[in-house]
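J.: A single structure is presented below for examination.
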Amino acid sequence: MTGLLPDEADVDFADAGATLAALAPRIAQGEIVPYLGPGALGADAPVPASPEALAEFLGAKVALPARARGNVWAAAQFIESRRHRNTVTALMDEAFAPPVVPGPLHAALARMGAPMIVSTWYDAAMRRALAEAGADFGEVQGITRAAIGETEWYRFYDAAGDEVAAPAAWRTVLYTPHGGTRPAHNYLISDADYVETLTEIDIQTPIPDIVAERRAGRSFLFLGCRFHDQLLRTYARQIAKRSSGPHVAVFDPGTALTRNERRFLAAEGIVPVAAPLVTLASALLQPA
């Protein structure tokens, strides 16, 4: 099975079959950090499953100026500036209120006991999968510092969803850098939320120590991610910083990568593979 995407012959795609078969034991051995994007939810998700879909949801709730349409960060910023932060939070709660049933990929990853899983969307599918698997896990979740008096970059939550002062010796750390609807409705979504974070992220201040520790010596596996937006590329680059490549990104067959995405993959040493995520889930579920 070839991993070549149509019209992307200038990108060196790895053989999907061989690459996917090699991933499962490496994840189980703790050598790889799964990094989930909104595409990991699948096309039939009951919540917005891309930045563009979330921007469309916000635009259906509030009339947006042309400059904010289609850009979720700008849309949220416009709503925040005109209707207060509470409106943004309420709309995010509404968008992600439908419970998301974890898919085969979430379930497979939850049972593998990886030292760390990164989930970069606002749903709680990965948290739910870990809980349903009875995993020994806790979560470190990014929070906005736009609130008056907020001095922290993130908060810690145990498997029950209760906030704790510091991480425990969890077998698996779930890192949700943009926040999430559960357990505490923390969202980084507006331009204002990211101003200070993006100023500091290059020197790694917003990255939790436990994340820095658990990425060291490991490579990353990007699943359901796109890198066509500068903010998405910045977060992926900084979260994977000081880890050990090469990294792998799995794209659905037929995905047309942008020029910026192809440049990003090459610059960051990310090997692209074209395969359905359900195929990867099947590979992960195969007995060792």
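Just remember, in the structure tokens the first chain shown is A, the second B, etc., residues are 1-based per chain, and ligands are 1-based in the order shown.
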Compile a residue-level contact table for region 132-181 of chain A against region 72-92 of chain A at a cut-off of 12 Å, reporting for every qualifying residue the shortest atom pair and its distance in Å to one decimal, with only C-alpha atoms counted, rows ordered by chain and ascending number, as a tab-separated table.
T.:
```
residue	atom	partner	partner_atom	distance
A:Thr144	CA	A:Arg85	CA	11.1
A:Ala146	CA	A:Arg85	CA	9.6
A:Ala147	CA	A:Arg85	CA	9.0
A:Ile148	CA	A:Arg85	CA	11.6
A:His178	CA	A:Trp73	CA	11.8
A:Gly179	CA	A:Met92	CA	11.2
A:Gly180	CA	A:Met92	CA	9.3
A:Thr181	CA	A:Met92	CA	7.6
```
J.: Show me, as a ChimeraX atom specification, the residues that have an atom within 10 Å of Ala169 (chain A) when counting only C-alpha atoms, minus same-chain residues fewer than 4 positions from it.
T.: /A:136-138,173
J.: Just to confirm, what's the straight-line distance from CA of Pro38 (chain A) to CA of Ala165 (chain A) in Å (one decimal)?
T.: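 CA of Ala165 (chain A) lies at a distance of 28.6 Å from CA of Pro38 (chain A).
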J.: What is the CA of Ala240 (chain A) to CA of Pro253 (chain A) distance in Å?
T.: 24.5 Å
J.: Using only C-alpha atoms, pick whichever of A:Ala283, A:Ile203, A:Ala110, A:Ala49 has the shortest atom-to-atom distance to Ile239 (chain A).
T.: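 Checking each of A:Ala283, A:Ile203, A:Ala110, A:Ala49 against Ile239 (chain A), counting only C-alpha atoms, the winner is A:Ile203.
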J.: Near Leu280 (chain A), within 9 Å and counting only C-alpha atoms, which residues show up once chain neighbours fewer than 6 positions away are dropped, as a list in words?
T.: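 Returned residues: Leu20, Ala21, Leu23, Ala24, Leu105 and Val250 of chain A.
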J.: Please measure the separation of CA of Leu58 (chain A) and CA of Pro104 (chain A), giving the value in Å to one decimal.
T.: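 Computing the Euclidean distance for CA of Leu58 (chain A) and CA of Pro104 (chain A) yields 29.1 Å.
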J.: Residues near Glu132 (chain A), anyone? I mean within 10 Å using only C-alpha atoms, not counting same-chain ones fewer than 2 positions away, as a ChimeraX atom specification.
T.: /A:102,107,110-111,126-130,134-135
J.: What does the file look like for those residues with N, CA and C atoms, as a PDB file, in the first residue's frame?
T.:
```pdb
ATOM      1  N   PRO A 102     -15.868   8.203  22.117  1.00  0.00           N
ATOM      2  CA  PRO A 102     -14.511   7.940  21.611  1.00  0.00           C
ATOM      3  C   PRO A 102     -14.539   6.925  20.465  1.00  0.00           C
ATOM      4  N   ALA A 107      -9.864   4.764  21.685  1.00  0.00           N
ATOM      5  CA  ALA A 107      -9.905   3.578  22.543  1.00  0.00           C
ATOM      6  C   ALA A 107      -8.593   2.812  22.504  1.00  0.00           C
ATOM      7  N   ALA A 110      -5.949   4.744  24.416  1.00  0.00           N
ATOM      8  CA  ALA A 110      -6.216   4.753  25.861  1.00  0.00           C
ATOM      9  C   ALA A 110      -5.731   3.475  26.523  1.00  0.00           C
ATOM     10  N   ARG A 111      -5.738   2.380  25.795  1.00  0.00           N
ATOM     11  CA  ARG A 111      -5.353   1.093  26.373  1.00  0.00           C
ATOM     12  C   ARG A 111      -3.853   0.839  26.300  1.00  0.00           C
ATOM     13  N   MET A 126     -10.753  12.081  24.181  1.00  0.00           N
ATOM     14  CA  MET A 126      -9.589  11.336  24.670  1.00  0.00           C
ATOM     15  C   MET A 126      -9.664  11.163  26.176  1.00  0.00           C
ATOM     16  N   ARG A 127     -10.114  12.182  26.880  1.00  0.00           N
ATOM     17  CA  ARG A 127     -10.306  12.055  28.339  1.00  0.00           C
ATOM     18  C   ARG A 127     -11.316  10.951  28.644  1.00  0.00           C
ATOM     19  N   ARG A 128     -12.421  10.933  27.916  1.00  0.00           N
ATOM     20  CA  ARG A 128     -13.448   9.920  28.145  1.00  0.00           C
ATOM     21  C   ARG A 128     -12.908   8.526  27.842  1.00  0.00           C
ATOM     22  N   ALA A 129     -12.134   8.395  26.776  1.00  0.00           N
ATOM     23  CA  ALA A 129     -11.571   7.091  26.421  1.00  0.00           C
ATOM     24  C   ALA A 129     -10.643   6.577  27.514  1.00  0.00           C
ATOM     25  N   LEU A 130      -9.814   7.450  28.056  1.00  0.00           N
ATOM     26  CA  LEU A 130      -8.905   7.053  29.130  1.00  0.00           C
ATOM     27  C   LEU A 130      -9.691   6.630  30.368  1.00  0.00           C
ATOM     28  N   GLY A 134     -10.147   2.750  32.219  1.00  0.00           N
ATOM     29  CA  GLY A 134      -9.606   2.603  33.564  1.00  0.00           C
ATOM     30  C   GLY A 134      -8.138   2.957  33.650  1.00  0.00           C
ATOM     31  N   ALA A 135      -7.695   3.855  32.786  1.00  0.00           N
ATOM     32  CA  ALA A 135      -6.283   4.222  32.747  1.00  0.00           C
ATOM     33  C   ALA A 135      -5.882   5.038  33.969  1.00  0.00           C
TER      34      ALA A 135
END
```
J.: Just the strand (DSSP E or B) stuff from region 9-161 of chain A, please, per backbone DSSP, written as an mmCIF file with all heavy atoms, in the first residue's frame.
T.:
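result.cif was written with the following content:
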```cif
data_model
loop_
_atom_site.group_PDB
_atom_site.id
_atom_site.type_symbol
_atom_site.label_atom_id
_atom_site.label_comp_id
_atom_site.auth_asym_id
_atom_site.auth_seq_id
_atom_site.Cartn_x
_atom_site.Cartn_y
_atom_site.Cartn_z
ATOM 1 N N ILE A 32 6.797 7.024 21.555
ATOM 2 C CA ILE A 32 6.087 7.960 20.689
ATOM 3 C C ILE A 32 4.998 8.672 21.487
ATOM 4 O O ILE A 32 4.298 8.053 22.285
ATOM 5 C CB ILE A 32 5.455 7.236 19.484
ATOM 6 C CG1 ILE A 32 6.552 6.715 18.542
ATOM 7 C CG2 ILE A 32 4.511 8.151 18.715
ATOM 8 C CD1 ILE A 32 6.017 5.959 17.347
ATOM 9 N N VAL A 33 4.846 9.968 21.241
ATOM 10 C CA VAL A 33 3.783 10.763 21.840
ATOM 11 C C VAL A 33 2.692 10.980 20.792
ATOM 12 O O VAL A 33 2.916 11.677 19.802
ATOM 13 C CB VAL A 33 4.302 12.127 22.328
ATOM 14 C CG1 VAL A 33 3.150 12.974 22.870
ATOM 15 C CG2 VAL A 33 5.382 11.952 23.380
ATOM 16 N N PRO A 34 1.499 10.399 20.960
ATOM 17 C CA PRO A 34 0.390 10.699 20.043
ATOM 18 C C PRO A 34 -0.066 12.146 20.222
ATOM 19 O O PRO A 34 -0.216 12.626 21.344
ATOM 20 C CB PRO A 34 -0.706 9.712 20.469
ATOM 21 C CG PRO A 34 0.019 8.636 21.230
ATOM 22 C CD PRO A 34 1.143 9.342 21.917
ATOM 23 N N TYR A 35 -0.290 12.827 19.119
ATOM 24 C CA TYR A 35 -0.672 14.241 19.106
ATOM 25 C C TYR A 35 -1.925 14.344 18.249
ATOM 26 O O TYR A 35 -1.863 14.226 17.025
ATOM 27 C CB TYR A 35 0.489 15.053 18.528
ATOM 28 C CG TYR A 35 0.353 16.569 18.529
ATOM 29 C CD1 TYR A 35 1.172 17.342 19.348
ATOM 30 C CD2 TYR A 35 -0.535 17.228 17.675
ATOM 31 C CE1 TYR A 35 1.109 18.737 19.322
ATOM 32 C CE2 TYR A 35 -0.607 18.625 17.651
ATOM 33 C CZ TYR A 35 0.212 19.367 18.474
ATOM 34 O OH TYR A 35 0.151 20.750 18.457
ATOM 35 N N LEU A 36 -3.073 14.522 18.893
ATOM 36 C CA LEU A 36 -4.354 14.466 18.197
ATOM 37 C C LEU A 36 -4.847 15.856 17.814
ATOM 38 O O LEU A 36 -4.868 16.774 18.640
ATOM 39 C CB LEU A 36 -5.403 13.794 19.073
ATOM 40 C CG LEU A 36 -5.068 12.408 19.629
ATOM 41 C CD1 LEU A 36 -6.241 11.872 20.437
ATOM 42 C CD2 LEU A 36 -4.714 11.443 18.516
ATOM 43 N N MET A 116 2.465 10.009 27.496
ATOM 44 C CA MET A 116 1.792 11.283 27.263
ATOM 45 C C MET A 116 0.998 11.216 25.972
ATOM 46 O O MET A 116 1.435 10.616 24.986
ATOM 47 C CB MET A 116 2.797 12.441 27.201
ATOM 48 C CG MET A 116 2.141 13.805 27.030
ATOM 49 S SD MET A 116 3.255 15.203 27.349
ATOM 50 C CE MET A 116 4.407 15.066 25.973
ATOM 51 N N ILE A 117 -0.176 11.835 25.989
ATOM 52 C CA ILE A 117 -1.000 12.021 24.799
ATOM 53 C C ILE A 117 -1.370 13.494 24.743
ATOM 54 O O ILE A 117 -1.805 14.077 25.747
ATOM 55 C CB ILE A 117 -2.282 11.161 24.849
ATOM 56 C CG1 ILE A 117 -1.938 9.674 24.911
ATOM 57 C CG2 ILE A 117 -3.174 11.448 23.642
ATOM 58 C CD1 ILE A 117 -3.137 8.770 25.146
ATOM 59 N N VAL A 118 -1.185 14.109 23.596
ATOM 60 C CA VAL A 118 -1.553 15.506 23.400
ATOM 61 C C VAL A 118 -2.855 15.547 22.611
ATOM 62 O O VAL A 118 -2.974 14.887 21.574
ATOM 63 C CB VAL A 118 -0.452 16.282 22.647
ATOM 64 C CG1 VAL A 118 -0.858 17.750 22.468
ATOM 65 C CG2 VAL A 118 0.882 16.183 23.368
ATOM 66 N N SER A 119 -3.835 16.294 23.098
ATOM 67 C CA SER A 119 -5.099 16.474 22.385
ATOM 68 C C SER A 119 -5.332 17.964 22.202
ATOM 69 O O SER A 119 -5.473 18.698 23.181
ATOM 70 C CB SER A 119 -6.255 15.847 23.166
ATOM 71 O OG SER A 119 -7.478 15.988 22.461
ATOM 72 N N PHE A 137 -4.407 8.074 34.746
ATOM 73 C CA PHE A 137 -4.065 9.283 34.000
ATOM 74 C C PHE A 137 -4.493 10.530 34.761
ATOM 75 O O PHE A 137 -5.312 10.514 35.677
ATOM 76 C CB PHE A 137 -4.740 9.272 32.624
ATOM 77 C CG PHE A 137 -6.181 9.736 32.620
ATOM 78 C CD1 PHE A 137 -6.515 11.028 32.250
ATOM 79 C CD2 PHE A 137 -7.204 8.873 32.992
ATOM 80 C CE1 PHE A 137 -7.835 11.461 32.260
ATOM 81 C CE2 PHE A 137 -8.531 9.287 32.998
ATOM 82 C CZ PHE A 137 -8.845 10.586 32.630
ATOM 83 N N GLY A 138 -3.911 11.624 34.347
ATOM 84 C CA GLY A 138 -4.314 12.942 34.785
ATOM 85 C C GLY A 138 -4.140 13.891 33.622
ATOM 86 O O GLY A 138 -3.539 13.534 32.599
ATOM 87 N N GLU A 139 -4.672 15.076 33.747
ATOM 88 C CA GLU A 139 -4.673 16.033 32.634
ATOM 89 C C GLU A 139 -4.032 17.340 33.042
ATOM 90 O O GLU A 139 -4.235 17.833 34.150
ATOM 91 C CB GLU A 139 -6.115 16.275 32.173
ATOM 92 C CG GLU A 139 -6.243 17.225 31.001
ATOM 93 C CD GLU A 139 -7.678 17.304 30.485
ATOM 94 O OE1 GLU A 139 -8.550 16.588 31.025
ATOM 95 O OE2 GLU A 139 -7.919 18.089 29.549
ATOM 96 N N VAL A 140 -3.247 17.891 32.140
ATOM 97 C CA VAL A 140 -2.749 19.254 32.297
ATOM 98 C C VAL A 140 -3.347 20.054 31.153
ATOM 99 O O VAL A 140 -3.183 19.711 29.981
ATOM 100 C CB VAL A 140 -1.205 19.329 32.325
ATOM 101 C CG1 VAL A 140 -0.573 18.640 31.141
ATOM 102 C CG2 VAL A 140 -0.750 20.774 32.405
ATOM 103 N N GLN A 141 -4.091 21.100 31.500
ATOM 104 C CA GLN A 141 -4.916 21.815 30.533
ATOM 105 C C GLN A 141 -4.526 23.276 30.476
ATOM 106 O O GLN A 141 -4.409 23.947 31.503
ATOM 107 C CB GLN A 141 -6.384 21.670 30.926
ATOM 108 C CG GLN A 141 -7.372 22.134 29.881
ATOM 109 C CD GLN A 141 -8.787 21.725 30.227
ATOM 110 O OE1 GLN A 141 -9.479 22.463 30.925
ATOM 111 N NE2 GLN A 141 -9.232 20.562 29.753
ATOM 112 N N GLY A 142 -4.318 23.762 29.265
ATOM 113 C CA GLY A 142 -4.015 25.170 29.085
ATOM 114 C C GLY A 142 -5.193 26.041 29.477
ATOM 115 O O GLY A 142 -6.349 25.661 29.292
ATOM 116 N N TYR A 154 -1.596 27.038 33.015
ATOM 117 C CA TYR A 154 -2.290 25.753 32.903
ATOM 118 C C TYR A 154 -2.756 25.315 34.283
ATOM 119 O O TYR A 154 -2.333 25.852 35.314
ATOM 120 C CB TYR A 154 -1.361 24.680 32.306
ATOM 121 C CG TYR A 154 0.049 24.752 32.828
ATOM 122 C CD1 TYR A 154 0.401 24.221 34.075
ATOM 123 C CD2 TYR A 154 1.059 25.377 32.092
ATOM 124 C CE1 TYR A 154 1.684 24.308 34.559
ATOM 125 C CE2 TYR A 154 2.361 25.469 32.571
ATOM 126 C CZ TYR A 154 2.668 24.930 33.802
ATOM 127 O OH TYR A 154 3.949 25.025 34.291
ATOM 128 N N ARG A 155 -3.625 24.307 34.290
ATOM 129 C CA ARG A 155 -4.103 23.717 35.532
ATOM 130 C C ARG A 155 -4.061 22.203 35.401
ATOM 131 O O ARG A 155 -4.073 21.653 34.287
ATOM 132 C CB ARG A 155 -5.520 24.189 35.851
ATOM 133 C CG ARG A 155 -5.574 25.680 36.192
ATOM 134 C CD ARG A 155 -6.886 26.086 36.820
ATOM 135 N NE ARG A 155 -6.821 27.506 37.212
ATOM 136 C CZ ARG A 155 -7.670 28.436 36.835
ATOM 137 N NH1 ARG A 155 -8.677 28.116 36.047
ATOM 138 N NH2 ARG A 155 -7.552 29.679 37.249
ATOM 139 N N PHE A 156 -4.041 21.524 36.561
ATOM 140 C CA PHE A 156 -3.963 20.065 36.600
ATOM 141 C C PHE A 156 -5.283 19.484 37.095
ATOM 142 O O PHE A 156 -5.894 20.017 38.027
ATOM 143 C CB PHE A 156 -2.829 19.617 37.535
ATOM 144 C CG PHE A 156 -1.476 20.144 37.149
ATOM 145 C CD1 PHE A 156 -0.917 21.219 37.834
ATOM 146 C CD2 PHE A 156 -0.765 19.575 36.099
ATOM 147 C CE1 PHE A 156 0.334 21.709 37.481
ATOM 148 C CE2 PHE A 156 0.489 20.065 35.733
ATOM 149 C CZ PHE A 156 1.036 21.133 36.432
ATOM 150 N N TYR A 157 -5.693 18.386 36.473
ATOM 151 C CA TYR A 157 -6.930 17.711 36.851
ATOM 152 C C TYR A 157 -6.678 16.209 36.932
ATOM 153 O O TYR A 157 -5.951 15.639 36.101
ATOM 154 C CB TYR A 157 -8.035 17.985 35.823
ATOM 155 C CG TYR A 157 -8.361 19.451 35.677
ATOM 156 C CD1 TYR A 157 -7.720 20.236 34.709
ATOM 157 C CD2 TYR A 157 -9.274 20.074 36.514
ATOM 158 C CE1 TYR A 157 -7.998 21.592 34.573
ATOM 159 C CE2 TYR A 157 -9.564 21.437 36.389
ATOM 160 C CZ TYR A 157 -8.919 22.181 35.422
ATOM 161 O OH TYR A 157 -9.189 23.525 35.299
ATOM 162 N N ASP A 158 -7.290 15.578 37.921
ATOM 163 C CA ASP A 158 -7.139 14.131 38.030
ATOM 164 C C ASP A 158 -8.175 13.439 37.146
ATOM 165 O O ASP A 158 -8.970 14.090 36.449
ATOM 166 C CB ASP A 158 -7.228 13.675 39.494
ATOM 167 C CG ASP A 158 -8.569 13.965 40.150
ATOM 168 O OD1 ASP A 158 -9.563 14.203 39.422
ATOM 169 O OD2 ASP A 158 -8.623 13.943 41.394
#
```
J.: Taking a cut-off of 12 Å and counting only C-alpha atoms, can you build a table that, for each residue of region 169-262 of chain A near region 14-19 of chain A, reports the nearest atom pair and how far apart they are in Å (one decimal), sorted by chain then residue number, as a tab-separated table?
T.:
```
residue	atom	partner	partner_atom	distance
A:Leu221	CA	A:Thr19	CA	11.2
A:Pro246	CA	A:Ala14	CA	12.0
A:His247	CA	A:Thr19	CA	11.3
A:Val248	CA	A:Thr19	CA	8.8
A:Ala249	CA	A:Ala14	CA	10.0
A:Val250	CA	A:Ala16	CA	8.7
A:Phe251	CA	A:Ala16	CA	10.2
A:Asp252	CA	A:Ala16	CA	11.0
A:Pro253	CA	A:Ala16	CA	10.4
```
J.: Take the residues just selected and output them with all heavy atoms as a JSON list (two decimals), in the first residue's frame.
T.:
```json
[["chain", "number", "residue", "atom", "x", "y", "z"],
["A", 221, "LEU", "N", 3.66, 11.58, 16.98],
["A", 221, "LEU", "CA", 2.81, 11.01, 15.94],
["A", 221, "LEU", "C", 1.58, 11.91, 15.83],
["A", 221, "LEU", "O", 0.74, 11.95, 16.72],
["A", 221, "LEU", "CB", 2.40, 9.59, 16.31],
["A", 221, "LEU", "CG", 1.33, 8.92, 15.44],
["A", 221, "LEU", "CD1", 1.81, 8.79, 13.99],
["A", 221, "LEU", "CD2", 0.96, 7.55, 16.00],
["A", 246, "PRO", "N", 12.78, 11.09, 14.05],
["A", 246, "PRO", "CA", 11.80, 11.76, 13.19],
["A", 246, "PRO", "C", 10.38, 11.57, 13.70],
["A", 246, "PRO", "O", 10.08, 10.62, 14.42],
["A", 246, "PRO", "CB", 12.00, 11.07, 11.84],
["A", 246, "PRO", "CG", 12.46, 9.68, 12.20],
["A", 246, "PRO", "CD", 13.30, 9.85, 13.43],
["A", 247, "HIS", "N", 9.52, 12.50, 13.32],
["A", 247, "HIS", "CA", 8.11, 12.44, 13.67],
["A", 247, "HIS", "C", 7.32, 11.92, 12.47],
["A", 247, "HIS", "O", 7.81, 11.89, 11.34],
["A", 247, "HIS", "CB", 7.61, 13.82, 14.08],
["A", 247, "HIS", "CG", 8.50, 14.50, 15.08],
["A", 247, "HIS", "ND1", 8.75, 13.99, 16.34],
["A", 247, "HIS", "CD2", 9.24, 15.65, 14.99],
["A", 247, "HIS", "CE1", 9.57, 14.80, 16.99],
["A", 247, "HIS", "NE2", 9.89, 15.81, 16.19],
["A", 248, "VAL", "N", 6.08, 11.54, 12.72],
["A", 248, "VAL", "CA", 5.20, 11.02, 11.67],
["A", 248, "VAL", "C", 3.87, 11.75, 11.74],
["A", 248, "VAL", "O", 3.36, 12.02, 12.84],
["A", 248, "VAL", "CB", 4.98, 9.50, 11.82],
["A", 248, "VAL", "CG1", 3.96, 9.00, 10.79],
["A", 248, "VAL", "CG2", 6.29, 8.75, 11.67],
["A", 249, "ALA", "N", 3.30, 12.08, 10.59],
["A", 249, "ALA", "CA", 1.96, 12.66, 10.51],
["A", 249, "ALA", "C", 1.12, 11.81, 9.57],
["A", 249, "ALA", "O", 1.54, 11.55, 8.44],
["A", 249, "ALA", "CB", 2.01, 14.11, 10.03],
["A", 250, "VAL", "N", -0.03, 11.37, 10.04],
["A", 250, "VAL", "CA", -0.93, 10.56, 9.24],
["A", 250, "VAL", "C", -2.05, 11.45, 8.70],
["A", 250, "VAL", "O", -2.75, 12.10, 9.46],
["A", 250, "VAL", "CB", -1.53, 9.40, 10.05],
["A", 250, "VAL", "CG1", -2.49, 8.57, 9.20],
["A", 250, "VAL", "CG2", -0.41, 8.51, 10.61],
["A", 251, "PHE", "N", -2.18, 11.47, 7.37],
["A", 251, "PHE", "CA", -3.22, 12.24, 6.70],
["A", 251, "PHE", "C", -4.16, 11.30, 5.98],
["A", 251, "PHE", "O", -3.74, 10.28, 5.44],
["A", 251, "PHE", "CB", -2.61, 13.21, 5.67],
["A", 251, "PHE", "CG", -1.70, 14.25, 6.26],
["A", 251, "PHE", "CD1", -0.32, 14.08, 6.24],
["A", 251, "PHE", "CD2", -2.21, 15.40, 6.83],
["A", 251, "PHE", "CE1", 0.53, 15.03, 6.78],
["A", 251, "PHE", "CE2", -1.37, 16.36, 7.37],
["A", 251, "PHE", "CZ", 0.01, 16.18, 7.35],
["A", 252, "ASP", "N", -5.43, 11.67, 5.94],
["A", 252, "ASP", "CA", -6.38, 10.88, 5.15],
["A", 252, "ASP", "C", -5.98, 10.92, 3.68],
["A", 252, "ASP", "O", -5.57, 11.98, 3.18],
["A", 252, "ASP", "CB", -7.79, 11.43, 5.31],
["A", 252, "ASP", "CG", -8.45, 11.00, 6.60],
["A", 252, "ASP", "OD1", -8.09, 9.94, 7.13],
["A", 252, "ASP", "OD2", -9.33, 11.74, 7.10],
["A", 253, "PRO", "N", -6.08, 9.79, 2.99],
["A", 253, "PRO", "CA", -5.78, 9.79, 1.55],
["A", 253, "PRO", "C", -6.64, 10.83, 0.83],
["A", 253, "PRO", "O", -7.82, 11.01, 1.13],
["A", 253, "PRO", "CB", -6.15, 8.37, 1.13],
["A", 253, "PRO", "CG", -6.00, 7.55, 2.36],
["A", 253, "PRO", "CD", -6.44, 8.45, 3.48]]
```
J.: Looking at A:Ala43, A:Ala267, A:Ile207, A:Met112, which one is nearest to Tyr175 (chain A), with distances taken over only C-alpha atoms?
T.: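 Once distances to Tyr175 (chain A) are computed over only C-alpha atoms, the minimum belongs to A:Ile207.
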